[in-house]
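Dumped work_18.cif below, it's mmCIF, C-alpha atoms:
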data_start
loop_
_atom_site.label_atom_id
_atom_site.label_comp_id
_atom_site.auth_asym_id
_atom_site.auth_seq_id
_atom_site.Cartn_x
_atom_site.Cartn_y
_atom_site.Cartn_z
CA MET X 1 -9.09 15.28 7.44
CA GLU X 2 -11.00 17.97 5.59
CA ASP X 3 -8.16 18.26 3.04
CA LEU X 4 -8.54 14.63 1.94
CA SER X 5 -10.83 13.47 -0.83
CA ARG X 6 -13.36 10.77 -0.07
CA LEU X 7 -11.31 8.24 -2.06
CA GLU X 8 -8.14 9.13 -0.14
CA TRP X 9 -9.97 8.73 3.17
CA ILE X 10 -11.37 5.33 2.11
CA ILE X 11 -7.92 4.05 1.08
CA LEU X 12 -6.31 5.23 4.33
CA GLN X 13 -9.10 3.65 6.37
CA MET X 14 -8.52 0.35 4.57
CA LEU X 15 -4.79 0.68 5.30
CA VAL X 16 -5.18 1.15 9.06
CA THR X 17 -7.89 -1.49 9.52
CA SER X 18 -6.35 -4.22 7.36
CA ASN X 19 -4.20 -7.06 8.70
CA SER X 20 -2.42 -7.37 5.36
CA ARG X 21 1.30 -6.67 5.19
CA THR X 22 1.59 -2.91 5.46
CA THR X 23 4.69 -2.45 3.28
CA ASP X 24 3.03 -4.30 0.40
CA MET X 25 -0.05 -2.10 0.70
CA LEU X 26 2.01 1.10 0.87
CA GLU X 27 3.93 0.17 -2.27
CA ILE X 28 0.62 -0.43 -4.03
CA ILE X 29 -0.70 2.95 -2.90
CA THR X 30 2.43 4.91 -3.84
CA MET X 31 2.96 2.80 -6.99
CA GLY X 32 6.67 2.38 -6.33
CA ARG X 33 9.27 0.70 -4.17
CA LEU X 34 9.86 2.07 -0.69
CA HIS X 35 13.20 2.31 1.08
CA PRO X 36 13.46 1.57 4.83
CA ILE X 37 15.64 3.72 7.08
CA VAL X 38 16.44 2.48 10.59
CA ALA X 39 16.91 5.63 12.66
CA SER X 40 17.80 3.88 15.93
CA GLN X 41 18.05 0.40 17.39
CA SER X 42 18.90 -0.48 20.99
CA HIS X 43 18.50 -3.18 23.63
CA VAL X 44 16.01 -2.53 26.43
CA SER X 45 14.91 -4.40 29.54
CA GLY X 46 13.99 -8.06 29.25
CA GLY X 47 16.43 -8.64 26.40
CA LYS X 48 14.09 -6.96 23.93
CA ILE X 49 15.11 -4.70 21.05
CA LEU X 50 13.58 -1.29 20.43
CA ARG X 51 13.90 0.32 17.02
CA GLU X 52 12.59 3.36 15.21
CA SER X 53 12.37 3.32 11.43
CA PHE X 54 10.89 5.13 8.45
CA LEU X 55 9.71 4.17 4.99
CA ILE X 56 10.51 6.70 2.27
CA THR X 57 9.95 6.82 -1.47
CA GLU X 58 13.12 5.81 -3.30
CA ARG X 59 13.15 8.65 -5.80
CA GLU X 60 11.65 11.67 -4.05
CA GLN X 61 12.92 10.64 -0.58
CA ARG X 62 9.58 11.58 0.98
CA TYR X 63 8.36 10.15 4.28
CA VAL X 64 5.60 7.56 3.86
CA SER X 65 5.42 6.04 7.33
CA GLN X 66 7.15 6.16 10.69
CA ASN X 67 7.13 3.45 13.34
CA ILE X 68 8.36 2.24 16.70
CA VAL X 69 8.90 -1.52 17.03
CA LEU X 70 9.55 -3.66 20.11
CA ILE X 71 11.11 -7.02 19.20
CA ASP X 72 11.26 -10.01 21.55
CA PRO X 73 14.06 -12.27 20.21
CA ALA X 74 12.68 -15.26 22.14
CA TYR X 75 9.64 -15.38 19.85
CA VAL X 76 11.11 -14.47 16.46
CA PRO X 77 12.54 -17.14 14.10
CA PRO X 78 16.38 -16.93 14.29
CA VAL X 79 16.89 -16.42 10.55
CA LEU X 80 14.36 -13.61 10.50
CA LEU X 81 15.81 -12.02 13.63
CA GLU X 82 19.35 -12.10 12.24
CA ARG X 83 18.35 -10.28 9.07
CA ILE X 84 16.37 -7.65 10.94
CA ILE X 85 19.17 -6.90 13.40
CA SER X 86 22.37 -7.33 11.39
CA GLU X 87 21.23 -5.91 8.06
CA ARG X 88 18.94 -3.34 9.66
CA GLU X 89 16.31 -4.00 7.01
CA GLY X 90 12.68 -3.02 7.18
CA ILE X 91 10.61 -5.77 8.78
CA GLY X 92 8.10 -5.74 5.93
CA HIS X 93 10.78 -6.30 3.30
CA VAL X 94 12.40 -9.08 5.35
CA LEU X 95 9.09 -10.89 5.79
CA ARG X 96 8.34 -10.70 2.09
CA ALA X 97 11.81 -11.87 1.04
CA SER X 98 11.92 -14.75 3.54
CA HIS X 99 8.30 -15.86 2.97
CA THR X 100 7.87 -16.01 6.74
CA ARG X 101 4.32 -16.66 7.94
CA ASP X 102 2.98 -14.33 10.61
CA ILE X 103 -0.31 -13.78 12.42
CA ARG X 104 -1.28 -10.19 13.17
CA THR X 105 -3.44 -9.04 16.06
CA MET X 106 -4.77 -5.49 15.90
CA ILE X 107 -4.60 -3.56 19.17
CA GLN X 108 -5.92 -0.19 18.04
CA ASN X 109 -6.16 2.04 14.98
CA GLY X 110 -7.54 5.40 14.00
CA TRP X 111 -6.45 9.02 13.58
CA ARG X 112 -4.43 11.31 15.86
CA LEU X 113 -3.23 14.87 15.71
CA THR X 114 0.53 14.99 15.17
CA ALA X 115 0.87 16.68 18.57
CA GLU X 116 -0.94 13.73 20.19
CA ALA X 117 1.27 10.98 18.73
CA VAL X 118 2.75 8.59 21.30
CA ASP X 119 5.13 5.63 21.19
CA LEU X 120 4.54 2.10 22.53
CA PHE X 121 5.05 3.37 26.08
CA ASP X 122 2.53 6.22 25.71
CA LYS X 123 5.31 8.80 25.67
CA PRO X 124 5.08 11.78 23.26
CA TYR X 125 6.46 10.88 19.85
CA ARG X 126 7.53 13.43 17.25
CA LEU X 127 6.41 12.75 13.68
CA GLN X 128 8.18 13.91 10.53
CA PHE X 129 4.91 14.78 8.80
CA GLN X 130 3.25 18.17 8.48
CA GLU X 131 2.25 19.45 11.91
CA HIS X 132 -1.25 20.27 13.15
CA ARG X 133 -2.89 17.55 11.09
CA ARG X 134 -4.66 14.31 11.86
CA VAL X 135 -2.66 11.30 10.75
CA PRO X 136 -3.76 7.65 10.44
CA PHE X 137 -2.07 5.04 12.61
CA LYS X 138 -2.35 1.44 13.71
CA GLU X 139 -0.85 -0.60 16.52
CA TYR X 140 -0.61 -4.37 16.30
CA LYS X 141 1.35 -7.45 17.35
CA MET X 142 2.89 -10.15 15.17
CA THR X 143 3.15 -13.82 16.12
CA PHE X 144 5.32 -16.28 14.21
CA PRO X 145 4.08 -19.90 14.36
CA PRO X 146 4.83 -22.23 16.06
CA PHE X 147 5.41 -19.57 18.75
CA GLN X 148 2.24 -18.61 20.60
CA ASP X 149 3.53 -15.36 22.10
CA SER X 150 4.03 -12.27 19.95
CA GLY X 151 7.55 -11.53 18.75
CA VAL X 152 6.91 -8.03 17.40
CA HIS X 153 4.85 -5.16 18.83
CA LEU X 154 4.56 -2.18 16.50
CA ILE X 155 2.87 1.18 16.19
CA GLU X 156 2.98 2.86 12.79
CA TYR X 157 1.95 6.35 11.69
CA PHE X 158 1.23 7.12 8.03
CA ASN X 159 1.71 10.30 6.05
CA PRO X 160 -1.84 11.29 5.04
CA ASP X 161 -0.48 12.56 1.69
CA ILE X 162 0.86 9.16 0.58
CA ILE X 163 -1.83 8.65 -2.05
CA ARG X 164 -0.54 11.73 -3.86
CA MET X 165 2.97 10.27 -4.00
CA ASN X 166 3.24 8.56 -7.37
CA THR X 167 6.83 7.34 -7.36
CA LYS X 168 6.68 6.15 -10.96
CA SER X 169 6.86 8.67 -13.72
CA THR X 170 3.98 7.61 -15.89
CA GLN X 171 2.76 9.49 -18.92
CA PRO X 172 -0.96 9.44 -19.71
CA PHE X 173 -2.04 8.74 -23.26
CA MET X 174 -2.10 12.33 -24.51
CA ASP X 175 -1.29 13.88 -27.84
CA GLU X 176 0.80 17.02 -28.27
CA GLU X 177 -2.21 19.26 -27.69
CA GLY X 178 -3.12 17.51 -24.44
CA ASP X 179 -6.04 15.51 -25.83
CA HIS X 180 -6.47 11.77 -25.30
CA ASP X 181 -5.11 9.67 -28.13
CA ARG X 182 -7.79 7.88 -30.10
CA MET X 183 -7.19 4.34 -28.87
CA ASN X 184 -9.03 1.46 -30.44
CA ARG X 185 -10.65 -1.11 -28.20
CA GLN X 186 -7.87 -3.68 -28.61
CA GLN X 187 -5.20 -1.13 -27.62
CA MET X 188 -7.22 -0.23 -24.54
CA PHE X 189 -7.66 -3.91 -23.67
CA ASP X 190 -3.92 -4.59 -24.05
CA GLU X 191 -2.96 -1.62 -21.85
CA VAL X 192 -5.33 -2.54 -19.02
CA ILE X 193 -4.44 -6.24 -19.08
CA ASN X 194 -0.76 -5.30 -18.96
CA MET X 195 -1.45 -3.23 -15.83
CA ILE X 196 -3.24 -6.13 -14.16
CA THR X 197 -1.00 -9.07 -15.07
CA ARG X 198 2.42 -7.41 -15.13
CA GLN X 199 2.41 -4.21 -13.09
CA MET X 200 0.08 -5.50 -10.36
CA ASN X 201 1.66 -8.97 -10.37
CA ILE X 202 -1.63 -10.84 -10.71
CA GLN X 203 -0.56 -14.41 -11.41
CA MET X 204 -2.27 -14.95 -14.75
CA ASN X 205 -1.10 -15.30 -18.33
CA PRO X 206 -2.30 -12.23 -20.31
CA ASP X 207 -3.28 -14.54 -23.18
CA GLU X 208 -5.76 -16.30 -20.87
CA VAL X 209 -7.72 -13.12 -20.13
CA ASP X 210 -10.79 -12.39 -22.25
CA GLU X 211 -13.53 -9.78 -22.08
CA THR X 212 -16.09 -12.14 -20.52
CA MET X 213 -13.94 -12.66 -17.42
CA PRO X 214 -15.18 -10.92 -14.22
CA LEU X 215 -12.78 -8.54 -12.47
CA GLY X 216 -13.78 -10.06 -9.13
CA ASP X 217 -14.79 -13.56 -8.03
CA GLU X 218 -14.65 -16.39 -10.57
CA GLY X 219 -12.44 -14.25 -12.77
CA LEU X 220 -9.35 -12.15 -12.06
CA ALA X 221 -10.25 -12.21 -8.34
CA LEU X 222 -9.27 -8.58 -7.74
CA ASP X 223 -10.10 -7.50 -4.19
CA SER X 224 -11.23 -4.01 -3.18
CA ILE X 225 -7.69 -2.70 -2.68
CA GLN X 226 -6.60 -4.04 -6.06
CA ILE X 227 -9.60 -2.38 -7.73
CA ILE X 228 -8.48 0.92 -6.19
CA GLU X 229 -4.92 0.29 -7.37
CA LEU X 230 -6.16 -0.45 -10.89
CA ALA X 231 -8.20 2.77 -10.91
CA ALA X 232 -5.11 4.72 -9.81
CA ARG X 233 -2.98 3.15 -12.56
CA ILE X 234 -5.63 3.85 -15.20
CA GLU X 235 -5.72 7.50 -14.18
CA ALA X 236 -1.91 7.80 -14.04
CA GLN X 237 -1.16 5.96 -17.27
CA LEU X 238 -4.21 6.55 -19.44
CA GLY X 239 -5.35 9.89 -18.07
CA LEU X 240 -8.86 8.53 -17.47
CA THR X 241 -10.50 9.17 -14.11
CA ILE X 242 -12.66 6.63 -12.32
CA ALA X 243 -14.66 8.41 -9.63
CA ASP X 244 -14.61 6.92 -6.14
CA SER X 245 -18.39 6.57 -6.35
CA GLU X 246 -17.91 4.14 -9.27
CA LEU X 247 -15.49 1.75 -7.56
CA ILE X 248 -18.09 -0.58 -6.04
CA GLU X 249 -19.99 -0.83 -9.33
CA ILE X 250 -16.81 -1.44 -11.33
CA SER X 251 -15.73 -4.24 -8.98
CA GLY X 252 -18.71 -6.17 -10.36
CA TYR X 253 -17.78 -5.55 -14.00
CA THR X 254 -16.39 -8.00 -16.49
CA VAL X 255 -13.15 -7.08 -18.25
CA GLY X 256 -15.19 -6.19 -21.34
CA GLN X 257 -17.49 -3.85 -19.41
CA LEU X 258 -14.50 -2.01 -17.95
CA ILE X 259 -12.80 -1.72 -21.35
CA GLY X 260 -16.03 -0.49 -22.91
CA THR X 261 -16.44 2.22 -20.27
CA LEU X 262 -12.83 3.39 -20.62
CA HIS X 263 -12.89 3.26 -24.41
CA GLU X 264 -16.02 5.38 -24.51
CA ARG X 265 -14.48 8.00 -22.22
CA ALA X 266 -11.14 8.05 -24.03
CA ASN X 267 -12.78 8.60 -27.39
CA ALA X 268 -15.53 10.97 -26.31
CA VAL X 269 -15.79 14.04 -28.49
#
Using the file provided, produce a representation of the structure as structure tokens.
Amino acid sequence: MEDLSRLEWIILQMLVTSNSRTTDMLEIITMGRLHPIVASQSHVSGGKILRESFLITEREQRYVSQNIVLIDPAYVPPVLLERIISEREGIGHVLRASHTRDIRTMIQNGWRLTAEAVDLFDKPYRLQFQEHRRVPFKEYKMTFPPFQDSGVHLIEYFNPDIIRMNTKSTQPFMDEEGDHDRMNRQQMFDEVINMITRQMNIQMNPDEVDETMPLGDEGLALDSIQIIELAARIEAQLGLTIADSELIEISGYTVGQLIGTLHERANAV
């Protein structure tokens, strides 16, 4: 993990410890849509279904995650099960499209050397990522109410380089000589609010946002992952870096305080 920055390590730790929907989080981190590939799917003992799948970036076709899933049809809603099996879609995309509620129970998470990766049956499992590295992983079960038993048991390994995969070609605000354009405060405000309300899908009318509104509670209600996403978008699209040591402080800012900080940096001599 020595090759990862502190910010990368923090984001990956949040990914493997969170019970949020993994596909949604990965698309936030890579800033683009991911494409699922089902490598294999077969019936095993007890009427269960075992499948191996990958998530890759749509444009660069780079591996983002790799997982083994054990599905128990008796405890998965029929409509959801049919889409997963017949269309061979990624489970994350199916859940999001069908608005199916699920409860996730973490079994274990952490980091493993690629040579130490195992499947759900503790058998050696070959990863498509760079060898001789530690990779983050998490294993969890999913229950679909009103069922009380889990319908999905999954272990997922993540490419530790995913944060460096920006699947959207964004151009920072630079002039022909590579210097930051001189943006006025209103332009900066408009750009950042567009990122929050349109690109990050925060359900708020841009016209309702003003500089006195907090980024966090009682304002835009951005959580820690969304603050990290916003910082990544600001760096990618405006060419302005927010250090990882600033993230906690910025989460307590108002919109105006953030704009003021960015405007000062963009127009520094």
Any idea what's packed within 12 Å of Asp207 (chain X), counting only C-alpha atoms, ignoring anything in its chain fewer than 4 positions away? Could you give it as a list in words?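 In the requested format, the answer is Phe189, Asp190, Ile193, Asn194, Thr197 and Glu211 of chain X.
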Quick one: apply the PyMOL selection byres ((chain X and resi 139) around 10) to the file and drop the selected residues here as a PyMOL selection string. chain X and resi 16-17+67-69+105-110+119-120+137-138+140-141+153-157
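Neighbours of Pro36 (chain X) closer than or equal to 12 Å, with all atoms listed in the file counted and sequence neighbours fewer than 2 positions away skipped, come out as Thr23, Glu27, Arg33, Leu34, Val38, Ala39, Glu52, Ser53, Phe54, Leu55, Ile56, Thr57, Glu58, Gln61, Arg62, Tyr63, Val64, Ser65, Gln66, Asn67, Ile84, Glu87, Arg88, Glu89, Gly90, Ile91, Gly92, His93 and Val94 of chain X.
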Mind giving me the straight-line distance from CA of Ile29 (chain X) to CA of Ile11 (chain X) in Å, one decimal?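 That distance, rounded to one decimal, is 8.3 Å.
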Contact residues around Val192 (chain X) with only C-alpha atoms at 9 Å, ignoring same-chain residues under 6 positions, as JSON, numbers by chain: {"X": [230, 233, 234, 259]}
Got time to write the residues from that selection, C-alpha atoms, as a CSV table (one decimal), in the frame of the given file?
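Wrote selection28.csv, looks like this:
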chain,number,residue,atom,x,y,z
X,230,LEU,CA,-6.2,-0.4,-10.9
X,233,ARG,CA,-3.0,3.2,-12.6
X,234,ILE,CA,-5.6,3.8,-15.2
X,259,ILE,CA,-12.8,-1.7,-21.4
Can you list what the PyMOL selection byres ((chain X and resi 71) around 6) grabs from this structure, as number ranges by chain? X: 48-49, 70, 72, 151-152
For those residues, write C-alpha atoms to a file as a short mmCIF file (atom, residue, chain, number, x, y, z; two decimals), in the coordinates of the input.
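In the end it all went to selection_37.cif:
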data_model
loop_
_atom_site.label_atom_id
_atom_site.label_comp_id
_atom_site.auth_asym_id
_atom_site.auth_seq_id
_atom_site.Cartn_x
_atom_site.Cartn_y
_atom_site.Cartn_z
CA LYS X 48 14.09 -6.96 23.93
CA ILE X 49 15.11 -4.70 21.05
CA LEU X 70 9.55 -3.66 20.11
CA ASP X 72 11.26 -10.01 21.55
CA GLY X 151 7.55 -11.53 18.75
CA VAL X 152 6.91 -8.03 17.40
#
The PyMOL selection byres ((chain X and resi 204) around 12) applied to the shown file, residues as a PyMOL selection string: chain X and resi 193-203+205-210+219-222
If you count all atoms listed in the file, the residue of X:Ile250, X:Pro73, X:Thr22, X:Leu240 closest to His43 (chain X) turns out to be X:Pro73
Which residues are near Ser224 (chain X)? Cut-off 10 Å, all atoms listed in the file, ignore same chain within fewer than 4 positions. Put them as number ranges by chain. X: 11, 14, 216, 228-230, 247-248, 251
Residue nearest Arg96 (chain X) among X:Leu15, X:Leu80, X:Leu238, X:Leu262 (counting only C-alpha atoms):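 Closest to Arg96 (chain X), using only C-alpha atoms: X:Leu80.
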The residue from X:Ile10, X:Met142, X:Tyr75, X:Gly252 with the smallest atom-to-atom distance to Asp223 (chain X), counting only C-alpha atoms, is X:Gly252
Residue nearest Thr254 (chain X) - candidates X:Pro214, X:Pro136, X:Gly32, X:Trp111, atoms counted: all atoms listed in the file: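 Of X:Pro214, X:Pro136, X:Gly32, X:Trp111, the one nearest Thr254 (chain X), counting all atoms listed in the file, is X:Pro214.
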